[in-house]
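See structure below.
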Amino acid sequence: MAEATANGLGQHTLHGTQAHDAAAAGIAPAEVHQEHPIRLYLVVWAWLFILSACSYLVDYVGLHGYLRWSLILIFMMLKAGLIVAVFMHMAWERLALTYAIILPPILVLVFVAMMVFESEYTLLTRTLFFGTEP
């Protein structure tokens with residue numbers, strides 16, 4: 001893979017045949033862009049539809065408690081991941097940019113999980129100390 005910068009305004013990733021064809025045709029590298037097959041977008045739309053249907057089925061079936069919320073959150077994260085990866089073209093970005101965008105939300109989820117465990121511990125100690133639940 002070769003990278004080309006047009007006047008320092010932006011970087012475009014050129015794959016072997018695209019770069020060679022562009023150079024042979026006398027086209028500047030900035031004018032070459034990557035096109036994805038329509039099939040990719042249709043498959044992603046189908047998966048988004050399936051995941052949305054599964055999310056609605058969780059409510060339709062009548063699941064309750066942690067199972068319900070876990071399934072809804074899992075389906076939500078899967079849909080968000082598909083949208084970010086394909087429609088926002090994150091799957092084709094540099095790894096450093098991907099880490100800069102994906103890593104902070106993951107860390108926030110880790111910290112939220114830590115706070116949940118801490119809150120349960122705090123509730124337990126208060127229950128033991130005061131003798132009743134709030």
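So you can find residues: chains in the structure tokens are A, B, ... in the order shown, residues in each start at 1, and ligands are numbered from 1 in order.
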
*asked:* List the spatial neighbours of Ala80 in chain A as a ChimeraX atom specification - criterion: any atom at most 12 Å away, only C-alpha atoms, same-chain residues fewer than 3 positions off excluded.
replied: /A:44,47-48,51-52,73-77,83-88,90,102,105

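Computed from the coordinates, the CA of Ser70 in chain A to CA of Leu109 in chain A distance equals 13.4 Å.
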
*Can you work out the spacing between CA of Trp45 in chain A and CA of Ile106 in chain A in Å, to one decimal?*
24.6 Å

*Which of range 35-92 of chain A fall in alpha helix (DSSP H), as a VMD selection string*: chain A and resid 38 to 61 65 to 82

*Point-to-point distance from CA of Val58 in chain A to CA of Leu71 in chain A, Å rounded to tenths*: 7.3 Å

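Using only C-alpha atoms, the nearest neighbour of Lys79 in chain A within the list A:Ala46, A:Leu107, A:Leu40, A:Leu63 is A:Ala46.
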